[in-house]
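Peer 1: Please see the structure below; I have some questions.
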Amino acid sequence: MLGEETRAGQLPLVGGILALDFTNTSSGRGSEAHLDHIRTTEHLILWAVHSGILAGQDAERIRMTLARDKQKQTELLVEALDVRELIYRIASRIASKSEPSKRDLARLRDEFRVLLEPASLDHMGDGRYDWSFPEKPVTSSIIGPIVLSAVEMLRQGQLDRLKQCPGRDGDCGWLFFDRTKNASRRWCEMSVCGNRAKVRRHRERQFWAEDVG
């Protein structure tokens, strides 16, 4: 599972919600600049550790389990990417002020029902209970928390704060939950897409100034 380079373990977690961070493992969908950071199960595990879904020791045990079963590797990757694109479709439609399709919402409900079944409600030690996902089945341990996050996002409201980065020529498209006080956030990262837009506008102004002059 090792060998292919990826930024899955270093991607900025700027979505504000686990489910959105997962959709952001792909960028530039539908454009020539499309880039997918999860192309193998190892990439998925790296991201799961990076995002806090898995502890390092749990990840190692999962690697050992998957190493003995190539079919499970394939099934895990296929389902993870399928769920990622399902959440992306739902969230991107909301970000564009449209209604998600009923089919996609029903599919998310079904995934939630199946993946939550192995989970338990455990005391967190701070006066509350929360869902805990066991190491097995592997699919539920990794994808379960992501689907739970997506469902909670839809339930908690304030979806007018769910936004999509315009990027440059469609080469970004990352989703994020705007938690700024006045809901003024526009970019996934001001230091990346925001600065690129500033540089582009500056060059355009220079071009027109030189052209007119």
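Naming scheme: A, B, ... for chains in displayed order of the structure tokens; residues 1 onward per chain; ligands 1 onward as shown.
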I want to know what sits within 8 Å of region 16-33 of chain A, based on only C-alpha atoms, with residues of the same chain fewer than 2 positions away left out; could you give that as a PyMOL selection string?
Peer 2: chain A and resi 8+11+13-14+35-38+51+84-85+87-88+146-147+149-150+153+170-179
Peer 1: So that I can check the surroundings of Ala67 (chain A), please list as a compact mmCIF listing (two decimals) with C-alpha atoms, in the first residue's frame every protein, DNA and RNA residue that reaches within 12 Å of it, counting only C-alpha atoms and ignoring chain neighbours fewer than 4 positions away.
Peer 2:
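Output below, filename around_21.txt:
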```txt
# COMPACT_ATOMS: atom_id res chain seq x y z
CA MET A 1 0.00 0.00 0.00
CA LEU A 2 3.03 2.28 0.28
CA THR A 41 -6.07 2.66 1.00
CA GLU A 42 -2.75 3.81 2.47
CA GLU A 60 -1.04 0.09 12.17
CA ARG A 61 -3.41 -2.70 13.11
CA ILE A 62 -5.73 -1.76 10.26
CA ARG A 63 -2.79 -1.80 7.85
CA GLN A 71 -10.34 -7.45 -1.60
CA LYS A 72 -11.02 -5.54 1.61
CA GLN A 73 -8.52 -2.92 0.50
CA THR A 74 -10.39 -2.43 -2.74
```
Peer 1: Taking into account only C-alpha atoms, which residue in the set A:Thr65, A:Ser120, A:Ser101, A:Ser141 is nearest to Val49 (chain A)?
Peer 2: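 Looking only at the distances to Val49 (chain A), the closest residue turns out to be A:Ser141.
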Peer 1: From a DSSP pass on the backbone, collect the residues of region 53-207 of chain A flagged as strand (DSSP E or B) and hand them back as a list of chain:residue names.
Peer 2: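 For region 53-207 of chain A, the strand (DSSP E or B) set is A:Ser120, A:Leu121, A:Asp122, A:His123, A:Tyr129, A:Asp130, A:Trp131, A:Ser132, A:Leu162, A:Lys163, A:Gln164, A:Leu175, A:Phe176, A:Phe177.
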Peer 1: What's around region 123-131 of chain A at 10 Å? Count only C-alpha atoms, leave out sequence neighbours fewer than 5 positions away in its own chain, and write the answer as a list in words.
Peer 2: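 Near region 123-131 of chain A, the qualifying residues are Leu116, Gly144, Pro145 and Leu148 of chain A.
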Peer 1: Write out as an MDAnalysis selection string which residues come within 12 Å of Arg113 (chain A) when counting only C-alpha atoms, dropping same-chain ones fewer than 5 positions away.
Peer 2: chainID A and resid 106:108 118:119 140 144 147:148 151
Peer 1: Enter the distance from CA of Leu162 (chain A) to CA of Ala95 (chain A), in Å, rounded to one decimal.
Peer 2: 5.3 Å
